[in-house]
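Novice: Provided herewith: start_35.cif, mmCIF, C-alpha atoms.
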```cif
data_data
loop_
_atom_site.label_atom_id
_atom_site.label_comp_id
_atom_site.auth_asym_id
_atom_site.auth_seq_id
_atom_site.Cartn_x
_atom_site.Cartn_y
_atom_site.Cartn_z
CA MET A 6 -46.69 11.30 -116.76
CA LYS A 7 -44.33 8.59 -115.50
CA VAL A 8 -43.01 10.87 -112.76
CA PHE A 9 -46.55 11.77 -111.67
CA LEU A 10 -47.55 8.10 -111.50
CA PHE A 11 -44.37 7.20 -109.60
CA LEU A 12 -44.98 9.96 -107.02
CA THR A 13 -48.63 8.92 -106.73
CA GLY A 14 -47.43 5.41 -105.99
CA CYS A 15 -45.12 6.80 -103.30
CA MET A 16 -48.06 8.59 -101.67
CA ILE A 17 -50.06 5.36 -101.68
CA ALA A 18 -47.04 3.60 -100.17
CA ILE A 19 -46.99 6.01 -97.22
CA GLN A 20 -50.54 5.00 -96.33
CA LEU A 21 -49.83 1.30 -96.83
CA ALA A 22 -46.71 1.45 -94.65
CA SER A 23 -48.64 3.35 -91.96
CA LEU A 24 -51.43 0.76 -92.09
CA LEU A 25 -48.95 -2.11 -91.79
CA LYS A 26 -47.30 -0.45 -88.78
CA LEU A 27 -50.69 -0.05 -87.13
CA ILE A 28 -51.54 -3.71 -87.70
CA PHE A 29 -48.26 -4.94 -86.23
CA PHE A 30 -48.39 -2.50 -83.32
CA ILE A 31 -51.76 -4.05 -82.45
CA ILE A 32 -50.18 -7.52 -82.67
CA PHE A 33 -46.84 -6.84 -80.92
CA ALA A 34 -47.72 -4.14 -78.35
CA PRO A 35 -49.22 -6.53 -75.75
CA PHE A 36 -45.86 -8.36 -75.49
CA ALA A 37 -44.34 -5.10 -74.19
CA GLY A 38 -47.17 -4.32 -71.79
CA MET A 39 -48.54 -1.73 -74.20
CA THR A 40 -51.62 -1.18 -76.30
CA VAL A 41 -52.79 0.91 -79.25
CA SER A 42 -55.04 3.46 -77.59
CA ARG A 43 -55.81 5.81 -80.48
CA VAL A 44 -55.84 5.74 -84.28
CA SER A 45 -56.35 8.95 -86.29
CA PHE A 46 -56.90 9.44 -89.99
CA LEU A 47 -58.39 12.31 -92.00
CA ALA A 48 -60.81 14.09 -89.62
CA PHE A 49 -61.63 11.09 -87.44
CA SER A 50 -60.08 9.36 -84.47
CA LEU A 51 -60.77 5.90 -83.07
CA SER A 52 -60.06 6.01 -79.34
CA LYS A 53 -60.11 3.36 -76.64
CA GLN A 54 -62.01 4.40 -73.53
CA ASP A 55 -62.86 2.04 -70.65
CA GLY A 56 -61.85 -0.89 -72.81
CA ARG A 57 -64.23 0.10 -75.62
CA TRP A 58 -63.51 1.77 -78.96
CA GLY A 59 -65.41 4.79 -80.21
CA PHE A 60 -65.18 7.30 -83.07
CA THR A 61 -64.54 10.98 -82.44
CA SER A 62 -63.89 13.96 -84.68
CA THR A 63 -60.39 15.41 -84.69
CA GLU A 64 -58.12 17.72 -86.67
CA PHE A 65 -57.42 16.60 -90.22
CA THR A 66 -54.41 14.34 -90.66
CA PRO A 67 -53.59 12.93 -94.12
CA ILE A 68 -51.53 10.01 -92.74
CA ILE A 69 -52.68 7.22 -90.44
CA GLN A 70 -51.42 8.02 -86.93
CA SER A 71 -51.40 5.51 -84.09
CA LEU A 72 -50.75 6.14 -80.39
CA VAL A 73 -49.20 3.27 -78.43
CA THR A 74 -49.23 3.62 -74.64
CA TYR A 75 -48.43 1.53 -71.59
CA ARG A 76 -51.35 -0.46 -70.20
CA ARG A 77 -52.51 1.08 -66.93
CA ASP A 78 -53.77 -2.22 -65.57
CA LEU A 79 -50.28 -3.75 -65.49
CA PRO A 80 -47.69 -3.30 -62.71
CA ALA A 81 -44.78 -0.98 -63.48
CA GLU A 82 -42.22 -3.79 -63.66
CA LYS A 83 -43.99 -5.23 -66.71
CA CYS A 84 -43.79 -1.92 -68.58
CA SER A 85 -40.18 -1.16 -69.42
CA GLU A 86 -38.56 1.12 -71.97
CA LYS A 87 -36.38 -1.80 -73.11
CA LYS A 88 -39.44 -3.89 -73.98
CA SER A 89 -41.00 -0.90 -75.70
CA ASN A 90 -37.89 -0.35 -77.85
CA ILE A 91 -37.69 -4.04 -78.79
CA MET A 92 -41.36 -4.04 -79.73
CA THR A 93 -40.98 -0.90 -81.84
CA MET A 94 -38.01 -2.28 -83.74
CA ALA A 95 -39.81 -5.60 -84.26
CA VAL A 96 -42.69 -3.72 -85.88
CA HIS A 97 -40.43 -1.66 -88.15
CA ILE A 98 -38.33 -4.67 -89.22
CA THR A 99 -41.45 -6.73 -89.95
CA VAL A 100 -42.86 -3.94 -92.09
CA LEU A 101 -39.51 -3.62 -93.90
CA VAL A 102 -39.43 -7.35 -94.71
CA ILE A 103 -42.98 -7.22 -96.07
CA SER A 104 -42.23 -4.04 -98.01
CA ALA A 105 -39.07 -5.52 -99.53
CA ALA A 106 -40.95 -8.66 -100.52
CA ALA A 107 -43.70 -6.57 -102.10
CA ALA A 108 -41.13 -4.48 -104.00
CA VAL A 109 -39.45 -7.60 -105.40
CA LEU A 110 -42.78 -9.05 -106.51
CA ILE A 111 -43.70 -5.76 -108.16
CA MET A 112 -40.39 -5.66 -110.05
CA LEU A 113 -40.81 -9.26 -111.25
CA LYS A 114 -44.43 -8.81 -112.29
CA PHE A 115 -44.34 -5.36 -113.91
CA HIS A 116 -40.77 -5.11 -115.21
CA SER A 117 -41.60 -6.36 -118.69
CA LEU A 118 -44.73 -4.21 -119.08
CA ASP A 119 -44.75 -0.93 -121.01
CA GLY A 120 -47.98 0.51 -119.59
CA THR A 121 -48.24 3.41 -117.20
CA LEU A 122 -49.42 1.07 -114.43
CA LYS A 123 -45.82 -0.12 -114.08
CA TRP A 124 -44.65 3.28 -112.81
CA LEU A 125 -47.47 3.51 -110.30
CA MET A 126 -46.55 0.09 -108.91
CA TYR A 127 -42.84 1.00 -108.94
CA GLY A 128 -43.69 4.03 -106.81
CA ILE A 129 -45.60 1.86 -104.35
CA GLY A 130 -42.75 -0.63 -104.05
CA PHE A 131 -40.04 2.02 -103.70
CA GLY A 132 -42.10 4.12 -101.32
CA MET A 133 -42.86 1.26 -98.94
CA VAL A 134 -39.20 0.25 -98.70
CA PHE A 135 -38.08 3.86 -98.27
CA MET A 136 -40.65 4.57 -95.53
CA SER A 137 -39.74 1.36 -93.71
CA LEU A 138 -36.02 2.13 -93.79
CA GLN A 139 -36.69 5.70 -92.68
CA SER A 140 -38.69 4.47 -89.69
CA ILE A 141 -35.87 2.14 -88.65
CA VAL A 142 -33.20 4.84 -88.98
CA ILE A 143 -35.27 7.35 -86.99
CA SER A 144 -36.01 4.78 -84.28
CA ILE A 145 -32.37 3.75 -83.93
CA TYR A 146 -31.25 7.37 -83.77
CA THR A 147 -33.92 8.16 -81.19
CA MET A 148 -33.07 5.16 -79.01
CA MET A 149 -29.33 5.90 -79.13
CA SER A 150 -29.57 9.61 -78.45
CA ILE A 151 -32.65 10.01 -76.29
CA MET A 152 -30.96 9.26 -72.95
CA ASN A 153 -28.60 12.19 -73.51
CA ARG A 154 -31.43 14.52 -74.45
CA LEU A 155 -34.50 16.02 -72.83
CA GLY A 156 -36.56 13.02 -73.93
CA GLY A 157 -34.33 10.70 -71.90
CA TYR A 158 -34.58 12.97 -68.85
CA MET A 159 -38.36 12.89 -69.14
CA SER A 160 -38.41 9.12 -69.67
CA ALA A 161 -36.32 8.55 -66.55
CA ASN A 162 -38.66 10.67 -64.44
CA MET A 163 -41.74 8.95 -65.85
CA LYS A 164 -40.19 5.64 -64.80
CA ARG A 165 -39.77 6.99 -61.26
CA ILE A 166 -43.48 7.82 -61.12
CA ARG A 167 -44.46 4.40 -62.46
CA ASN A 168 -42.27 2.88 -59.73
CA GLY A 169 -44.32 4.65 -57.07
CA GLU A 170 -42.48 7.93 -56.42
CA SER A 171 -44.51 11.07 -55.88
CA LEU A 172 -44.74 13.83 -58.49
CA GLY A 173 -43.59 16.24 -55.83
CA SER A 174 -40.31 14.38 -55.33
CA LEU A 175 -39.15 14.78 -58.95
CA ASP A 176 -37.66 18.27 -58.46
CA LEU A 177 -38.09 19.12 -62.15
CA ARG A 178 -36.57 22.26 -63.62
CA PRO A 179 -37.28 24.57 -66.60
CA VAL A 180 -35.74 23.34 -69.85
CA GLU A 181 -33.15 26.12 -69.95
CA GLN A 182 -31.78 25.05 -66.54
CA LEU A 183 -31.28 21.39 -67.47
CA GLY A 184 -28.07 21.92 -69.44
CA PHE A 185 -29.02 20.14 -72.66
CA LYS A 186 -27.15 21.59 -75.63
CA LYS A 187 -29.91 21.03 -78.16
CA VAL A 188 -33.63 20.77 -77.41
CA THR A 189 -36.22 20.47 -80.16
CA ASP A 190 -39.65 22.08 -80.04
CA ALA A 191 -41.24 18.62 -80.00
CA GLU A 192 -39.20 17.66 -76.91
CA LYS A 193 -40.26 20.88 -75.16
CA ILE A 194 -43.93 20.23 -75.97
CA PHE A 195 -43.81 16.68 -74.58
CA TYR A 196 -41.82 17.71 -71.50
CA TYR A 197 -44.30 20.45 -70.69
CA GLY A 198 -47.01 17.90 -69.87
CA LEU A 199 -44.93 16.32 -67.10
CA TYR A 200 -43.40 19.61 -65.93
CA SER A 201 -46.83 21.24 -65.76
CA GLU A 202 -48.24 18.40 -63.65
CA TYR A 203 -45.23 18.65 -61.32
CA LEU A 204 -45.61 22.41 -60.80
CA THR A 205 -49.36 22.03 -60.31
CA PHE A 206 -48.76 19.26 -57.77
CA ILE A 207 -46.42 21.42 -55.66
CA GLY A 208 -48.61 24.52 -56.14
CA ASP A 209 -46.03 26.62 -58.00
CA TYR A 210 -48.47 28.38 -60.33
CA ASP A 211 -46.19 31.35 -60.90
CA GLY A 212 -43.57 28.96 -62.21
CA LEU A 213 -46.09 27.72 -64.77
CA ARG A 214 -46.60 31.06 -66.46
CA ALA A 215 -43.41 31.31 -68.55
CA PRO A 216 -43.39 27.72 -69.88
CA SER A 217 -47.13 27.80 -70.57
CA HIS A 218 -46.82 30.86 -72.80
CA GLU A 219 -43.73 29.43 -74.47
CA ILE A 220 -45.47 26.15 -75.33
CA MET A 221 -48.60 28.00 -76.41
CA ASN A 222 -46.51 29.98 -78.90
CA LEU A 223 -44.96 26.76 -80.19
CA ILE A 224 -48.23 24.91 -80.83
CA ILE A 225 -50.14 27.79 -82.43
CA GLY A 226 -48.56 27.08 -85.80
CA ARG A 227 -48.50 23.29 -85.44
CA GLN A 228 -51.08 20.65 -86.22
CA PHE A 229 -52.38 18.75 -83.20
CA ILE A 230 -51.19 15.16 -82.93
CA SER A 231 -52.61 12.65 -80.46
CA GLN A 232 -49.27 12.20 -78.68
CA GLU A 233 -49.55 15.81 -77.46
CA THR A 234 -52.94 15.33 -75.78
CA ILE A 235 -51.66 15.68 -72.20
CA THR A 236 -49.83 18.89 -73.10
CA TYR A 237 -53.06 20.33 -74.51
CA TYR A 238 -54.94 19.29 -71.37
CA CYS A 239 -52.37 21.06 -69.19
CA LEU A 240 -52.49 24.20 -71.32
CA LEU A 241 -56.31 24.26 -71.32
CA PHE A 242 -56.26 23.93 -67.54
CA PHE A 243 -53.70 26.75 -67.24
CA PHE A 244 -55.62 29.17 -69.49
CA SER A 245 -58.90 28.27 -67.79
CA GLU A 246 -57.84 28.31 -64.14
CA ILE A 247 -54.47 29.91 -63.49
CA GLU A 248 -54.47 32.62 -66.14
CA PRO A 249 -57.98 32.63 -67.68
CA ASN A 250 -57.84 33.57 -71.36
CA ARG A 251 -60.94 32.78 -73.38
CA GLN A 252 -59.24 33.18 -76.75
CA PHE A 253 -56.47 30.72 -75.90
CA ALA A 254 -58.79 28.35 -74.04
CA ASP A 255 -61.26 28.20 -76.94
CA MET A 256 -58.48 27.60 -79.45
CA LEU A 257 -57.12 24.72 -77.38
CA PHE A 258 -60.57 23.25 -76.78
CA ASN A 259 -61.51 23.37 -80.46
CA ARG A 260 -58.32 21.57 -81.45
CA ILE A 261 -58.92 18.69 -79.05
CA LYS A 262 -62.71 18.85 -78.95
CA GLY A 263 -63.19 15.39 -80.43
CA THR A 264 -60.75 13.91 -77.92
CA ILE A 265 -61.63 15.66 -74.68
CA THR A 266 -65.43 15.56 -75.00
CA ASN A 267 -65.23 11.79 -75.44
CA ASP A 268 -62.57 11.22 -72.79
CA THR A 269 -63.97 9.23 -69.86
CA ASP A 270 -60.83 9.55 -67.69
CA PRO A 271 -60.91 11.92 -64.70
CA ASN A 272 -58.20 14.27 -66.01
CA GLY A 273 -60.20 15.07 -69.17
CA LYS A 274 -63.39 15.58 -67.15
CA ARG A 275 -61.55 17.74 -64.62
CA VAL A 276 -60.11 20.00 -67.33
CA MET A 277 -63.58 20.35 -68.90
CA ALA A 278 -65.02 21.26 -65.49
CA TYR A 279 -62.52 24.09 -64.98
CA TYR A 280 -63.01 25.26 -68.59
CA ALA A 281 -66.80 25.40 -68.18
CA PHE A 282 -66.63 27.09 -64.78
CA ASN A 283 -63.95 29.73 -65.39
CA ILE A 284 -64.31 30.54 -69.09
CA TYR A 285 -68.09 30.31 -69.52
CA ASN A 286 -69.37 30.62 -65.94
CA ASP A 287 -71.32 27.46 -66.71
CA ILE A 288 -71.94 26.25 -63.17
CA ALA A 289 -74.31 23.45 -64.16
CA GLY A 290 -71.95 22.15 -66.83
CA ALA A 291 -68.95 22.39 -64.51
CA GLU A 292 -70.80 20.44 -61.83
CA ARG A 293 -71.75 17.73 -64.33
CA PHE A 294 -68.14 17.34 -65.46
CA LEU A 295 -66.98 17.41 -61.83
CA ASN A 296 -69.34 14.59 -60.82
CA GLU A 297 -68.26 12.55 -63.86
CA ALA A 298 -64.62 13.12 -62.91
CA TYR A 299 -65.20 11.93 -59.33
CA ALA A 300 -66.97 8.83 -60.65
CA ALA A 301 -64.20 8.14 -63.16
CA LEU A 302 -61.52 8.60 -60.50
CA GLY A 303 -62.82 5.61 -58.58
CA LYS A 304 -62.83 3.45 -61.71
CA TRP A 305 -59.57 4.61 -63.33
CA THR A 306 -57.74 1.35 -63.91
CA GLY A 307 -54.08 1.39 -63.00
CA ILE A 308 -54.02 5.02 -61.90
CA LEU A 309 -50.72 6.02 -60.32
CA ALA A 310 -50.81 7.27 -56.76
CA SER A 311 -49.48 10.74 -57.64
CA GLU A 312 -52.01 11.12 -60.46
CA ALA A 313 -54.88 10.16 -58.15
CA GLU A 314 -53.66 12.58 -55.45
CA LEU A 315 -53.36 15.46 -57.91
CA GLU A 316 -56.75 14.86 -59.54
CA LYS A 317 -58.50 14.54 -56.16
CA LYS A 318 -56.95 17.79 -54.91
CA LEU A 319 -57.98 19.73 -58.02
CA LEU A 320 -61.49 18.28 -58.02
CA ASP A 321 -62.01 19.08 -54.33
CA ARG A 322 -60.87 22.67 -54.90
CA LEU A 323 -63.34 23.23 -57.71
CA SER A 324 -66.11 21.45 -55.81
CA GLY A 325 -65.93 24.03 -53.04
CA ARG A 326 -66.02 26.92 -55.51
CA ILE A 327 -68.99 25.45 -57.35
CA ALA A 328 -70.88 25.10 -54.05
CA GLN A 329 -70.21 28.77 -53.26
CA ALA A 330 -71.26 29.87 -56.75
CA LYS A 331 -74.50 27.90 -56.55
CA ALA A 332 -75.35 29.55 -53.27
CA VAL A 333 -75.29 33.06 -54.74
CA SER A 334 -76.48 32.58 -58.32
CA GLN A 335 -79.57 31.53 -60.22
CA PRO A 336 -79.38 28.13 -61.94
CA GLN A 337 -78.63 28.27 -65.68
CA PRO A 338 -78.92 25.48 -68.26
CA ALA A 339 -75.63 23.77 -69.01
CA MET A 340 -73.98 24.29 -72.38
CA ASN A 341 -73.68 21.43 -74.85
CA TYR A 342 -69.91 21.27 -75.34
CA ASP A 343 -70.14 18.33 -77.73
CA ASN A 344 -71.88 20.51 -80.30
CA ARG A 345 -70.37 23.90 -79.49
CA ILE A 346 -68.84 25.59 -82.53
CA MET A 347 -66.66 28.67 -82.11
#
```
Here is the file; what I need is its structure written in the form of structure tokens.

Specialist:
Amino acid sequence: MKVFLFLTGCMIAIQLASLLKLIFFIIFAPFAGMTVSRVSFLAFSLSKQDGRWGFTSTEFTPIIQSLVTYRRDLPAEKCSEKKSNIMTMAVHITVLVISAAAAVLIMLKFHSLDGTLKWLMYGIGFGMVFMSLQSIVISIYTMMSIMNRLGGYMSANMKRIRNGESLGSLDLRPVEQLGFKKVTDAEKIFYYGLYSEYLTFIGDYDGLRAPSHEIMNLIIGRQFISQETITYYCLLFFFSEIEPNRQFADMLFNRIKGTITNDTDPNGKRVMAYYAFNIYNDIAGAERFLNEAYAALGKWTGILASEAELEKKLLDRLSGRIAQAKAVSQPQPAMNYDNRIM
């Protein structure tokens, strides 16, 4: 019974530590030119779109997840990896101090008690300190090793884009040609988003086939997390436009349905337009998403030049195909993708 209560306390501690991290990310992120853009818990996600928060449905997650991203309305020089690392460590250290203080208070208050409540509270105190220390150790390891790994390579290229370089000038290569001794599946999944956009930008669609299938195989057995949203967008575009595959496209869409159907940015609308047009021959729906994407493109705060160029090129391409399709087909009612269940 004591062990059960202690472990239950540890589970509660995980949620409390996650909640504290979220609170302090909200407080500290602006000092690093960043913002909390998405919070997920259970089957719901709270996302920030056009400066406003809204609830969406998402895949079940038992732990509070928060996504912290750079603010698009700030110039690149105010958004540095150094500031991001300092902010992250400040959050983890603050949570550790609070957790340690809570653990001491719990020990002082419940040490002399004989009831079962003591073991539940012990679990909470121990769990919060353990989770806080674990976060610090992981962060330090990541910061020290990332520049010598694929994550560092990706970070350096993202910085080049934020500094105004074109996607086409990055000269990215497949993971196996980069010479890194050890690459995790998570690193490959994150890298794919940038690599896919690069290959799409330069028009190398054949080069996309091998990495797209590799990443698809990796994510099939994984739970979707919000940090992988761009990768899912790129995969949904690939299996809708470049290599249409309804089974894969539907699986990807259903995983990110709550995110993409509520996304007001042009890239989400553009992916939905290609998905509707190529997978479901939904010309009316594709045209609606296309028009929303064009409108969003003009209002996308802080959009990078390469991103705007890529989105405009892909939207113009689909616009011409929709015009041709409308000229030879009878109008059909658009599908309701918000309520579609596969």

Novice: What lies within 12 Å of Gly303 in chain A using only C-alpha atoms, ignoring chain neighbours under 5 positions off, as an MDAnalysis selection string?

Specialist: chainID A and resid 269:271 296:298 308 313:314 316:317

Novice: Calculated over all atoms listed in the file, which of the candidates A:Arg293, A:Lys186, A:Arg322, A:Lys88 has the smallest distance to Met340 in chain A?

Specialist: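 Of A:Arg293, A:Lys186, A:Arg322, A:Lys88, the one nearest Met340 in chain A is A:Arg293, counting all atoms listed in the file.
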
Novice: Pick from A:Leu155, A:Thr93, A:Ser171, A:Ser50: nearest to Glu202 in chain A, with all atoms listed in the file counted?

Specialist: A:Ser171

Novice: Determine the residue membership of the PyMOL selection byres ((chain A and resi 203-213) around 8) for the file above and supply it as number ranges by chain.

Specialist: A: 172-173, 175, 177, 199-202, 214-217, 247, 315

Novice: Quick one: pull the distance between CA of Leu240 in chain A and CA of Ala278 in chain A, Å, one decimal.

Specialist: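 These two atoms are separated by 14.1 Å.
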
Novice: Would you list the contacts of range 281-286 of chain A as a PDB file with C-alpha atoms, keeping the file's coordinate frame, taking every protein, DNA or RNA residue within 7 Å and counting all atoms listed in the file, but skipping same-chain residues closer than 6 positions in sequence?

Specialist:
```pdb
ATOM      1  CA  SER A 245     -58.900  28.270 -67.790  1.00  0.00           C
ATOM      2  CA  GLU A 246     -57.840  28.310 -64.140  1.00  0.00           C
ATOM      3  CA  PRO A 249     -57.980  32.630 -67.680  1.00  0.00           C
ATOM      4  CA  ARG A 251     -60.940  32.780 -73.380  1.00  0.00           C
TER       5      ARG A 251
END
```

Novice: N, CA, C and O atoms for range 252-272 of chain A, written as an mmCIF file, in the frame of the given file, could you do that?

Specialist:
```cif
data_model
loop_
_atom_site.group_PDB
_atom_site.id
_atom_site.type_symbol
_atom_site.label_atom_id
_atom_site.label_comp_id
_atom_site.auth_asym_id
_atom_site.auth_seq_id
_atom_site.Cartn_x
_atom_site.Cartn_y
_atom_site.Cartn_z
ATOM 1 N N GLN A 252 -59.718 33.396 -75.394
ATOM 2 C CA GLN A 252 -59.240 33.180 -76.750
ATOM 3 C C GLN A 252 -58.329 31.945 -76.826
ATOM 4 O O GLN A 252 -58.497 31.078 -77.690
ATOM 5 N N PHE A 253 -57.367 31.872 -75.917
ATOM 6 C CA PHE A 253 -56.470 30.720 -75.900
ATOM 7 C C PHE A 253 -57.214 29.445 -75.528
ATOM 8 O O PHE A 253 -56.997 28.380 -76.129
ATOM 9 N N ALA A 254 -58.067 29.538 -74.503
ATOM 10 C CA ALA A 254 -58.790 28.350 -74.040
ATOM 11 C C ALA A 254 -59.679 27.790 -75.141
ATOM 12 O O ALA A 254 -59.741 26.577 -75.352
ATOM 13 N N ASP A 255 -60.376 28.663 -75.852
ATOM 14 C CA ASP A 255 -61.260 28.200 -76.940
ATOM 15 C C ASP A 255 -60.454 27.571 -78.072
ATOM 16 O O ASP A 255 -60.867 26.560 -78.652
ATOM 17 N N MET A 256 -59.302 28.168 -78.393
ATOM 18 C CA MET A 256 -58.480 27.600 -79.450
ATOM 19 C C MET A 256 -58.015 26.195 -79.085
ATOM 20 O O MET A 256 -58.068 25.258 -79.902
ATOM 21 N N LEU A 257 -57.567 26.033 -77.842
ATOM 22 C CA LEU A 257 -57.120 24.720 -77.380
ATOM 23 C C LEU A 257 -58.263 23.721 -77.373
ATOM 24 O O LEU A 257 -58.113 22.585 -77.834
ATOM 25 N N PHE A 258 -59.410 24.157 -76.851
ATOM 26 C CA PHE A 258 -60.570 23.250 -76.780
ATOM 27 C C PHE A 258 -60.988 22.800 -78.172
ATOM 28 O O PHE A 258 -61.258 21.616 -78.395
ATOM 29 N N ASN A 259 -61.055 23.729 -79.115
ATOM 30 C CA ASN A 259 -61.510 23.370 -80.460
ATOM 31 C C ASN A 259 -60.559 22.417 -81.157
ATOM 32 O O ASN A 259 -60.986 21.599 -81.972
ATOM 33 N N ARG A 260 -59.271 22.499 -80.844
ATOM 34 C CA ARG A 260 -58.320 21.570 -81.450
ATOM 35 C C ARG A 260 -58.487 20.147 -80.934
ATOM 36 O O ARG A 260 -58.281 19.181 -81.660
ATOM 37 N N ILE A 261 -58.818 20.022 -79.650
ATOM 38 C CA ILE A 261 -58.920 18.690 -79.050
ATOM 39 C C ILE A 261 -60.357 18.325 -78.702
ATOM 40 O O ILE A 261 -60.602 17.389 -77.939
ATOM 41 N N LYS A 262 -61.298 19.039 -79.287
ATOM 42 C CA LYS A 262 -62.710 18.850 -78.950
ATOM 43 C C LYS A 262 -63.140 17.395 -79.087
ATOM 44 O O LYS A 262 -63.796 16.840 -78.205
ATOM 45 N N GLY A 263 -62.779 16.772 -80.210
ATOM 46 C CA GLY A 263 -63.190 15.390 -80.430
ATOM 47 C C GLY A 263 -62.590 14.439 -79.423
ATOM 48 O O GLY A 263 -63.188 13.400 -79.108
ATOM 49 N N THR A 264 -61.414 14.774 -78.898
ATOM 50 C CA THR A 264 -60.750 13.910 -77.920
ATOM 51 C C THR A 264 -61.280 14.136 -76.518
ATOM 52 O O THR A 264 -61.690 13.195 -75.827
ATOM 53 N N ILE A 265 -61.318 15.390 -76.077
ATOM 54 C CA ILE A 265 -61.630 15.660 -74.680
ATOM 55 C C ILE A 265 -63.103 15.469 -74.344
ATOM 56 O O ILE A 265 -63.453 15.042 -73.243
ATOM 57 N N THR A 266 -64.000 15.742 -75.296
ATOM 58 C CA THR A 266 -65.430 15.560 -75.000
ATOM 59 C C THR A 266 -65.819 14.094 -74.957
ATOM 60 O O THR A 266 -66.886 13.756 -74.465
ATOM 61 N N ASN A 267 -64.963 13.231 -75.480
ATOM 62 C CA ASN A 267 -65.230 11.790 -75.440
ATOM 63 C C ASN A 267 -64.309 11.061 -74.461
ATOM 64 O O ASN A 267 -64.347 9.830 -74.384
ATOM 65 N N ASP A 268 -63.503 11.811 -73.745
ATOM 66 C CA ASP A 268 -62.570 11.220 -72.790
ATOM 67 C C ASP A 268 -63.323 10.895 -71.496
ATOM 68 O O ASP A 268 -63.942 11.768 -70.885
ATOM 69 N N THR A 269 -63.274 9.637 -71.074
ATOM 70 C CA THR A 269 -63.970 9.230 -69.860
ATOM 71 C C THR A 269 -63.047 9.186 -68.643
ATOM 72 O O THR A 269 -63.491 8.846 -67.550
ATOM 73 N N ASP A 270 -61.774 9.531 -68.818
ATOM 74 C CA ASP A 270 -60.830 9.550 -67.690
ATOM 75 C C ASP A 270 -61.040 10.813 -66.860
ATOM 76 O O ASP A 270 -61.517 11.837 -67.368
ATOM 77 N N PRO A 271 -60.660 10.771 -65.581
ATOM 78 C CA PRO A 271 -60.910 11.920 -64.700
ATOM 79 C C PRO A 271 -60.152 13.186 -65.084
ATOM 80 O O PRO A 271 -60.644 14.292 -64.846
ATOM 81 N N ASN A 272 -58.951 13.050 -65.683
ATOM 82 C CA ASN A 272 -58.200 14.270 -66.010
ATOM 83 C C ASN A 272 -58.901 15.061 -67.115
ATOM 84 O O ASN A 272 -58.973 16.299 -67.068
#
```
